Amino acid sequence: MVDRIRRLCTWLLAAACLSVVGAPAALGLERGVVVTPRNFPDHGDADVRGMFDAAQEVGSVAGIVLEWDTPNLQMIADVLVGLARAQGLTPVLVLNPFRDDRGALRVAAPAHAGGTSFSRKSVRDAFVRDAAALAALRAPYLGLGTDVNRMAGSDIREYVHFAEAYKEAAARAKAAAPGTNVFVSFQWEILSMLRTSEPGKLAEHRKLVDVFRPGLDVLAIGTLPSIVRDDPRDLPPDYYARLADFGRDDPKVILQAGWAATGARGAELQRGFAERLPELARRAGVEMMLWAMLHDVADSGPAAGFGLAQRDGTRRPAFAAFAAAAPRAAAPSPSPSQSGERPRRGSNTREADHFSIMVSRLDGSGLNRIAADRDREINHARVSPDHQWVTFTRYNREGPDGTSMEIHGVEETEIMLMRIDGSGMRSLVPPRRGAVAANGYWTPDGRGIIYVAVDPGGRPELRIVDVATGSIRRQPTPDAVMPSDPHIVGDKMVFAAKGAVDTIWISRVDGSEARQITNPPAWRGTAPSGVGPGDYDPKLSPDGESVALMRQVAPDEWHVIVVDLATGTERSLTRPGGVDAVPEWSSDGRLLIFWHVDLRNLGNTGLWTMRPDGSERRQVPLPRGYFYTMPAFFPGDGSGPDARVIFSAKREPKL
């Protein structure tokens with residue numbers, strides 16, 4: 001994680017890109033700080049966690065600013081937002097699409113945007129998608145640009161193109177998270193200079209702000225008075241009062257509030273500004289203010305000296321001055337042991353997201369965690385046909401290490417349901433002692449979820465739960481068959497049948513025309529997984545003409561097999577000795593996605609795609625440190641680089 005955090009902090013290498021965000025005050029003037037780690041850029045994991053501890057002393061809000069081209073943007077945002085919340089801090093997230101280039105702003109777009117100007121549709125579309133994905137984290141505020149009026153001075157046409165992209169992105173973000181306040185920030189010293197030097201042109205200057213309306217939920221500014229003043233005592237009492245000229249009724253937030261502690265009297269002057277800032281803000285009706293950065297990130301250059309603490313963690317006098325009388329962060333949410341639940345063995349050594357469900361594009365971009373659990377495995381996540389819901393299986397039978405995983409038994413599993421952003425999570429088929437409810441898959445109409453069920457002391461059967469009503473009905477299968485792993489396309493259904501050697505069957509959805517379609521060879525030996533020889537997890541192709549499945553051909557060897565239903569011909573797509581598991585089709589039938597294990601080269605372990613003939617094998621580029629499994633495409637997304645996939649992840653530092 002440390003390398004990802006280091007990349008995210010590169011935005012701080014230029015002072016003009018320093019960005020601070022805040023949350024609305026409940027009582028009085030709240031304050032906080034943009035979190036930056038001690039010892040940047042040579043910081044470690046302890047420094048990253050320590051910055052949230054220090055932020056608690058400053059106030060109640062942690063500002064998290066990410067440059068748009070940050071690698072693994074969604075993953076980093078998810079991790080940092082989670083760390084802030086774990087410390088009781090209100091996380092406020094900002095996506096910054098600009099970078100300073102010798103005093104001028106330029107667009108810093110990721111590779112998947114396909115360009116570096118908002119005049120390009122591909123750039124606008126990518127920005128809208130990424131903004132909506134960040135909104136799904138449901139931070140109270142989401143900034144989509146910092147000091148954006150500086151771009152007007154660099155390229156007014158680019159500024160207008162960006163404003164249009166922003167309004168579309170803001171609308172999408174609000175649709176994904178209606179309670180999130182979306183905004184951009186404006187550099188105050190520039191706005192103020194225009195207001196003072198050309199007082200008769202206020203209407204013209206207001207257009208720099210109004211071009212982003214509708215879509216501004218808050219009027220936010222960044223301010224670095226040390227670039228225009230020598231002493232904070234020279235700032236007039238109404239220094240920020242003219243902010244009302246640009247939005248009298250808007251909620252107001254001061255962003256990028258800082259004074260450089262450079263020069264012989266730098267630390268003294270910085271403390272003076274920290275002491276004056278609260279009163280200056282109150283006079284302007286500001287509800288929230290944050291300091292520009294917690295720790296310095298540079299010893300020289302335009303970014304030097306803005307931290308409340310030096311790079312080594314030594315606190316400047318401004319730290320205590322700014323924190324004085326600030327509201328403190330609320331206590332973190334109680335752990336299971338604190339809330340009265342029996343603590344699990346090893347729980348205090350596991351991260352809150354030890355098990356998780358993630359989504360990303362096929363090219364690895366747009367990575368976002370939508371669900372997490374400290375102790376219970378969550379897998380078989382599948383997206384509804386309308387992309388609004390996710391079903392998944394949660395395991396509850398506790399193993400010797402305190403976790404609940406598939407390897408510890410499938411009893412007490414449950415069918416879960418949540419919205420695509422991870423909200424509204426609930427148990428659709430709750431767990432029961434000695435019972436199984438697992439491996440759910442959406443029916444083609446999106447109204448039901450078909451899953452394998454076993455009552456205490458009973459035999460496996462397939463059932464469909466109605467998502468709207470919760471009613472459950474049995475899905476017909478041959479009486480002599482013990483079914484599992486169901487999948488429906490059109491009026492066809494495939495499923496695995498338990499036996500000495502598991503096989504695959506196909507039938508009509510009404511149960512008619514049932515027949516066995518595979519006859520895998522048996523083998524001798526004991527599999528470490530506890531699973532015997534045979535075929536598992538069949539999936540019909542979108543055209544209903546083929547079935548992809550996984551076959552255990554030896555104790556440590558799993559192959560992806562594709563069966564032609566018309567001829568019965570089988571093709572193994574896995575090299576001898578390989579481990580490929582749980583294949584899923586893209587909606588256009590052009591790709592299979594699966595998870596692959598390579599014990600000789602752990603870097604190759606992860607999610608892969610290939611053509612249905614086994615050609616063009618490619619790894620999905622995802623961050624290290626996780627074991628990724630159970631992938632599936634979003635319905636209807638096709639197989640291009642922007643196609644979205646959903647999958648499970650378990651923290652595994654060795655990978």
# chains A, B, ... in the order shown; residues from 1 in each chain; ligands from 1
$ select_by_dssp --residues "region 91-330 of chain A" --states "strand (DSSP E)" --output "JSON, numbers by chain"
{"A": [91, 92, 93, 94, 95, 96, 98, 99, 100, 101, 104, 105, 106, 107, 141, 142, 143, 181, 182, 183, 185, 186, 187, 219, 220, 221, 222, 252, 253, 254, 255, 256, 257, 288, 289, 290, 291, 293, 294, 295, 307, 308, 309]}
$ write_last_selection --atoms "N, CA and C atoms" --output "short mmCIF file (atom, residue, chain, number, x, y, z; two decimals), in the first residue's frame"
data_model
loop_
_atom_site.label_atom_id
_atom_site.label_comp_id
_atom_site.auth_asym_id
_atom_site.auth_seq_id
_atom_site.Cartn_x
_atom_site.Cartn_y
_atom_site.Cartn_z
N PRO A 91 -14.05 12.20 6.03
CA PRO A 91 -13.20 12.28 4.83
C PRO A 91 -13.85 13.16 3.77
N VAL A 92 -13.09 14.02 3.16
CA VAL A 92 -13.57 14.86 2.07
C VAL A 92 -12.61 14.69 0.89
N LEU A 93 -13.16 14.27 -0.22
CA LEU A 93 -12.36 13.78 -1.32
C LEU A 93 -12.33 14.78 -2.48
N VAL A 94 -11.15 14.97 -3.07
CA VAL A 94 -11.00 15.87 -4.22
C VAL A 94 -10.23 15.17 -5.33
N LEU A 95 -10.78 15.21 -6.52
CA LEU A 95 -10.12 14.73 -7.73
C LEU A 95 -9.63 15.95 -8.49
N ASN A 96 -8.32 16.05 -8.70
CA ASN A 96 -7.75 17.22 -9.36
C ASN A 96 -7.26 16.84 -10.76
N PHE A 98 -5.79 18.78 -12.94
CA PHE A 98 -4.78 19.72 -13.43
C PHE A 98 -3.46 19.56 -12.68
N ARG A 99 -2.40 19.95 -13.36
CA ARG A 99 -1.07 19.97 -12.73
C ARG A 99 -0.36 21.24 -13.16
N ASP A 100 0.42 21.80 -12.24
CA ASP A 100 1.17 23.01 -12.53
C ASP A 100 2.34 22.70 -13.46
N ASP A 101 2.48 23.50 -14.49
CA ASP A 101 3.56 23.35 -15.46
C ASP A 101 4.23 24.70 -15.66
N ALA A 104 1.74 27.54 -15.17
CA ALA A 104 0.46 27.42 -15.87
C ALA A 104 -0.13 26.05 -15.59
N LEU A 105 -1.44 25.96 -15.65
CA LEU A 105 -2.08 24.68 -15.44
C LEU A 105 -2.22 23.93 -16.76
N ARG A 106 -2.07 22.61 -16.68
CA ARG A 106 -2.35 21.75 -17.83
C ARG A 106 -3.15 20.56 -17.34
N VAL A 107 -3.87 19.94 -18.26
CA VAL A 107 -4.67 18.77 -17.91
C VAL A 107 -3.74 17.57 -17.71
N TYR A 141 -18.23 15.50 0.83
CA TYR A 141 -17.94 16.44 -0.26
C TYR A 141 -17.06 15.74 -1.28
N LEU A 142 -17.29 16.08 -2.55
CA LEU A 142 -16.45 15.59 -3.64
C LEU A 142 -16.04 16.78 -4.50
N GLY A 143 -14.76 17.13 -4.46
CA GLY A 143 -14.23 18.19 -5.31
C GLY A 143 -13.77 17.61 -6.64
N ASN A 181 -21.92 16.62 -1.57
CA ASN A 181 -21.81 17.97 -2.09
C ASN A 181 -20.66 18.02 -3.10
N VAL A 182 -20.95 18.43 -4.32
CA VAL A 182 -19.96 18.43 -5.40
C VAL A 182 -19.55 19.87 -5.70
N PHE A 183 -18.27 20.08 -5.98
CA PHE A 183 -17.78 21.44 -6.14
C PHE A 183 -16.44 21.46 -6.87
N SER A 185 -12.85 24.25 -6.59
CA SER A 185 -12.36 25.38 -5.81
C SER A 185 -11.72 26.42 -6.73
N PHE A 186 -11.76 27.68 -6.27
CA PHE A 186 -11.21 28.81 -7.01
C PHE A 186 -10.09 29.46 -6.20
N GLN A 187 -9.05 29.90 -6.87
CA GLN A 187 -7.93 30.53 -6.18
C GLN A 187 -8.32 31.96 -5.79
N LEU A 219 -19.49 27.05 -2.49
CA LEU A 219 -18.50 27.98 -3.05
C LEU A 219 -17.21 27.80 -2.27
N ALA A 220 -16.22 27.21 -2.91
CA ALA A 220 -14.96 26.86 -2.24
C ALA A 220 -13.81 27.65 -2.85
N ILE A 221 -12.91 28.09 -1.98
CA ILE A 221 -11.74 28.83 -2.45
C ILE A 221 -10.48 28.24 -1.82
N GLY A 222 -9.38 28.43 -2.51
CA GLY A 222 -8.06 28.19 -1.96
C GLY A 222 -7.37 29.52 -1.73
N LYS A 252 -20.06 28.31 2.18
CA LYS A 252 -18.69 28.73 1.85
C LYS A 252 -17.66 27.94 2.64
N VAL A 253 -16.61 27.57 1.94
CA VAL A 253 -15.53 26.78 2.52
C VAL A 253 -14.21 27.39 2.06
N ILE A 254 -13.28 27.54 3.00
CA ILE A 254 -11.93 28.00 2.64
C ILE A 254 -11.06 26.77 2.40
N LEU A 255 -10.44 26.75 1.24
CA LEU A 255 -9.58 25.66 0.84
C LEU A 255 -8.16 26.17 0.62
N GLN A 256 -7.21 25.27 0.72
CA GLN A 256 -5.81 25.60 0.46
C GLN A 256 -5.35 26.77 1.32
N ALA A 257 -5.78 26.78 2.59
CA ALA A 257 -5.37 27.85 3.50
C ALA A 257 -3.97 27.57 4.01
N MET A 288 -16.29 26.17 7.06
CA MET A 288 -15.27 25.13 7.18
C MET A 288 -13.95 25.62 6.62
N MET A 289 -12.85 25.28 7.29
CA MET A 289 -11.53 25.64 6.76
C MET A 289 -10.55 24.53 7.08
N LEU A 290 -9.66 24.29 6.16
CA LEU A 290 -8.60 23.30 6.35
C LEU A 290 -7.26 23.91 5.99
N TRP A 291 -6.23 23.44 6.68
CA TRP A 291 -4.87 23.88 6.36
C TRP A 291 -4.36 23.13 5.15
N MET A 293 -1.57 21.55 4.21
CA MET A 293 -0.97 20.22 4.32
C MET A 293 -0.52 19.99 5.75
N LEU A 294 -0.50 18.73 6.13
CA LEU A 294 -0.10 18.36 7.48
C LEU A 294 1.41 18.41 7.63
N HIS A 295 2.13 17.67 6.80
CA HIS A 295 3.60 17.65 6.81
C HIS A 295 4.13 18.25 5.52
N GLY A 307 3.57 23.05 5.42
CA GLY A 307 3.06 22.09 6.38
C GLY A 307 2.96 22.65 7.79
N LEU A 308 2.03 22.11 8.56
CA LEU A 308 1.97 22.42 9.99
C LEU A 308 3.10 21.73 10.75
N ALA A 309 3.74 20.78 10.07
CA ALA A 309 4.89 20.09 10.63
C ALA A 309 5.93 19.90 9.54
#
$ residues_around --residues "His161 (chain A)" --least-positions-apart "4" --cutoff "7 Å" --atoms "only C-alpha atoms" --output "ChimeraX atom specification"
/A:118-119,157,165
$ write_last_selection --atoms "N, CA and C atoms" --output "JSON list (two decimals), in the first residue's frame"
[["chain", "number", "residue", "atom", "x", "y", "z"],
["A", 118, "PHE", "N", -9.98, 18.67, -22.49],
["A", 118, "PHE", "CA", -11.40, 18.44, -22.29],
["A", 118, "PHE", "C", -12.22, 18.77, -23.55],
["A", 119, "SER", "N", -11.57, 19.24, -24.59],
["A", 119, "SER", "CA", -12.28, 19.41, -25.85],
["A", 119, "SER", "C", -12.53, 18.05, -26.52],
["A", 157, "ARG", "N", -10.26, 28.70, -23.50],
["A", 157, "ARG", "CA", -11.09, 27.72, -24.19],
["A", 157, "ARG", "C", -11.09, 26.39, -23.43],
["A", 165, "ALA", "N", -17.58, 19.78, -18.94],
["A", 165, "ALA", "CA", -17.35, 18.42, -18.45],
["A", 165, "ALA", "C", -17.68, 18.31, -16.97]]
$ closest_residue --among "A:Ile593, A:Ala274, A:Val209, A:Glu268" --to "Leu243 (chain A)" --atoms "only C-alpha atoms"
A:Val209
$ residues_around --residues "Arg463 (chain A)" --least-positions-apart "4" --cutoff "6 Å" --atoms "only C-alpha atoms" --output "list in words"
Ile450, Tyr451, Arg473, Arg474 and Gln475 of chain A
$ closest_residue --among "A:Asp245, A:Asp230, A:Glu461, A:Asp479" --to "Ala203 (chain A)" --atoms "only C-alpha atoms"
A:Asp245
$ residues_around --residues "Asp537 (chain A)" --least-positions-apart "6" --cutoff "9 Å" --atoms "only C-alpha atoms" --output "mmCIF file with N, CA and C atoms, in the first residue's frame"
data_model
loop_
_atom_site.group_PDB
_atom_site.id
_atom_site.type_symbol
_atom_site.label_atom_id
_atom_site.label_comp_id
_atom_site.auth_asym_id
_atom_site.auth_seq_id
_atom_site.Cartn_x
_atom_site.Cartn_y
_atom_site.Cartn_z
ATOM 1 N N SER A 484 -25.876 -28.078 -8.296
ATOM 2 C CA SER A 484 -25.214 -26.888 -7.733
ATOM 3 C C SER A 484 -24.784 -25.989 -8.880
ATOM 4 N N ASP A 485 -24.286 -24.812 -8.561
ATOM 5 C CA ASP A 485 -23.677 -23.887 -9.529
ATOM 6 C C ASP A 485 -24.567 -23.614 -10.743
ATOM 7 N N PRO A 486 -25.804 -23.121 -10.553
ATOM 8 C CA PRO A 486 -26.709 -22.926 -11.685
ATOM 9 C C PRO A 486 -26.411 -21.663 -12.492
ATOM 10 N N HIS A 487 -26.761 -21.706 -13.779
ATOM 11 C CA HIS A 487 -26.618 -20.534 -14.651
ATOM 12 C C HIS A 487 -27.652 -20.632 -15.757
ATOM 13 N N PHE A 495 -26.006 -26.685 -14.904
ATOM 14 C CA PHE A 495 -25.683 -26.827 -13.489
ATOM 15 C C PHE A 495 -24.739 -28.004 -13.318
ATOM 16 N N ALA A 496 -24.013 -28.007 -12.227
ATOM 17 C CA ALA A 496 -23.156 -29.134 -11.879
ATOM 18 C C ALA A 496 -23.969 -30.137 -11.081
ATOM 19 N N ILE A 504 -21.537 -32.082 -15.539
ATOM 20 C CA ILE A 504 -22.344 -30.920 -15.926
ATOM 21 C C ILE A 504 -23.576 -31.406 -16.680
ATOM 22 N N ALA A 548 -18.743 -22.988 -20.830
ATOM 23 C CA ALA A 548 -17.404 -22.928 -20.238
ATOM 24 C C ALA A 548 -17.507 -23.439 -18.808
ATOM 25 N N LEU A 549 -16.507 -24.201 -18.377
ATOM 26 C CA LEU A 549 -16.531 -24.786 -17.036
ATOM 27 C C LEU A 549 -15.102 -24.948 -16.547
ATOM 28 N N MET A 550 -14.951 -25.276 -15.274
ATOM 29 C CA MET A 550 -13.623 -25.614 -14.777
ATOM 30 C C MET A 550 -13.621 -27.089 -14.377
ATOM 31 N N ARG A 551 -12.522 -27.757 -14.691
ATOM 32 C CA ARG A 551 -12.381 -29.198 -14.440
ATOM 33 C C ARG A 551 -11.130 -29.445 -13.610
ATOM 34 N N ALA A 581 -9.419 -21.109 -13.174
ATOM 35 C CA ALA A 581 -10.644 -21.435 -12.442
ATOM 36 C C ALA A 581 -11.774 -20.462 -12.734
ATOM 37 N N VAL A 582 -12.999 -20.967 -12.626
ATOM 38 C CA VAL A 582 -14.263 -20.234 -12.653
ATOM 39 C C VAL A 582 -14.334 -19.265 -13.844
ATOM 40 N N PRO A 583 -14.435 -19.777 -15.063
ATOM 41 C CA PRO A 583 -14.530 -18.886 -16.231
ATOM 42 C C PRO A 583 -15.904 -18.238 -16.329
#
$ atom_distance --atom1 "CA of Arg432 (chain A)" --atom2 "CA of Ser404 (chain A)"
14.4 Å
$ residues_around --residues "Gly458 (chain A)" --least-positions-apart "5" --cutoff "12 Å" --atoms "only C-alpha atoms" --output "list of chain:residue names"
A:Gly434, A:Ala435, A:Val436, A:Ala453, A:Met482
$ write_last_selection --atoms "C-alpha atoms" --output "PDB file, in the first residue's frame"
ATOM      1  CA  GLY A 434     -26.477 -26.589   9.131  1.00  0.00           C
ATOM      2  CA  ALA A 435     -28.003 -25.052   5.987  1.00  0.00           C
ATOM      3  CA  VAL A 436     -26.480 -23.807   2.712  1.00  0.00           C
ATOM      4  CA  ALA A 453     -29.725 -24.589  -1.244  1.00  0.00           C
ATOM      5  CA  MET A 482     -27.844 -33.293  -6.608  1.00  0.00           C
TER       6      MET A 482
END
$ residues_around --residues "Asp210 (chain A)" --least-positions-apart "5" --cutoff "12 Å" --atoms "only C-alpha atoms" --output "JSON, numbers by chain"
{"A": [149, 160, 163, 164, 167, 184, 186, 202, 203, 204, 205, 215, 216, 219, 245, 246, 247, 250]}
$ write_last_selection --atoms "C-alpha atoms" --output "tab-separated table (two decimals), in the first residue's frame"
chain	number	residue	atom	x	y	z
A	149	ASN	CA	-9.69	29.67	-12.37
A	160	VAL	CA	-14.87	26.46	-20.82
A	163	ALA	CA	-16.65	23.63	-17.07
A	164	GLU	CA	-18.97	21.72	-19.40
A	167	LYS	CA	-21.37	19.96	-14.98
A	184	VAL	CA	-14.61	22.94	-7.62
A	186	PHE	CA	-11.21	28.81	-7.01
A	202	LEU	CA	-17.69	42.32	-11.30
A	203	ALA	CA	-20.32	40.76	-13.56
A	204	GLU	CA	-17.59	39.69	-15.98
A	205	HIS	CA	-15.46	38.24	-13.19
A	215	GLY	CA	-23.67	22.04	-10.24
A	216	LEU	CA	-21.88	23.92	-7.47
A	219	LEU	CA	-18.50	27.98	-3.05
A	245	ASP	CA	-19.82	38.86	-4.39
A	246	PHE	CA	-19.36	35.50	-6.12
A	247	GLY	CA	-22.18	33.65	-4.36
A	250	ASP	CA	-23.79	29.59	-1.26
$ select_by_dssp --residues "region 230-307 of chain A" --states "helix (DSSP H, G or I)" --output "list in words"
Pro232, Arg233, Asp234, Ala241, Arg242, Leu243, Ala244, Asp245, Phe246, Gly266, Ala267, Glu268, Leu269, Gln270, Arg271, Gly272, Phe273, Ala274, Glu275, Arg276, Leu277, Pro278, Glu279, Leu280, Ala281, Arg282 and Arg283 of chain A
$ residues_around --residues "Ser226 (chain A)" --least-positions-apart "4" --cutoff "9 Å" --atoms "only C-alpha atoms" --output "number ranges by chain"
A: 230-232, 258-260, 270
$ write_last_selection --atoms "C-alpha atoms" --output "CSV table (one decimal), in the first residue's frame"
chain,number,residue,atom,x,y,z
A,230,ASP,CA,4.6,39.9,3.8
A,231,ASP,CA,2.9,39.7,7.2
A,232,PRO,CA,-0.4,38.2,8.2
A,258,GLY,CA,-1.7,28.2,4.1
A,259,TRP,CA,1.3,30.4,4.8
A,260,ALA,CA,4.9,29.3,3.9
A,270,GLN,CA,2.8,31.1,9.7
$ atom_distance --atom1 "CA of Gly103 (chain A)" --atom2 "CA of Gly263 (chain A)"
21.9 Å
$ closest_residue --among "A:Ile357, A:Asp373, A:Ala381, A:Gly422" --to "Arg138 (chain A)" --atoms "only C-alpha atoms"
A:Gly422
$ closest_residue --among "A:Gly266, A:Pro653, A:Gly59, A:Pro456" --to "Phe322 (chain A)" --atoms "only C-alpha atoms"
A:Gly59
$ atom_distance --atom1 "CA of Ala132 (chain A)" --atom2 "CA of Arg172 (chain A)"
5.7 Å
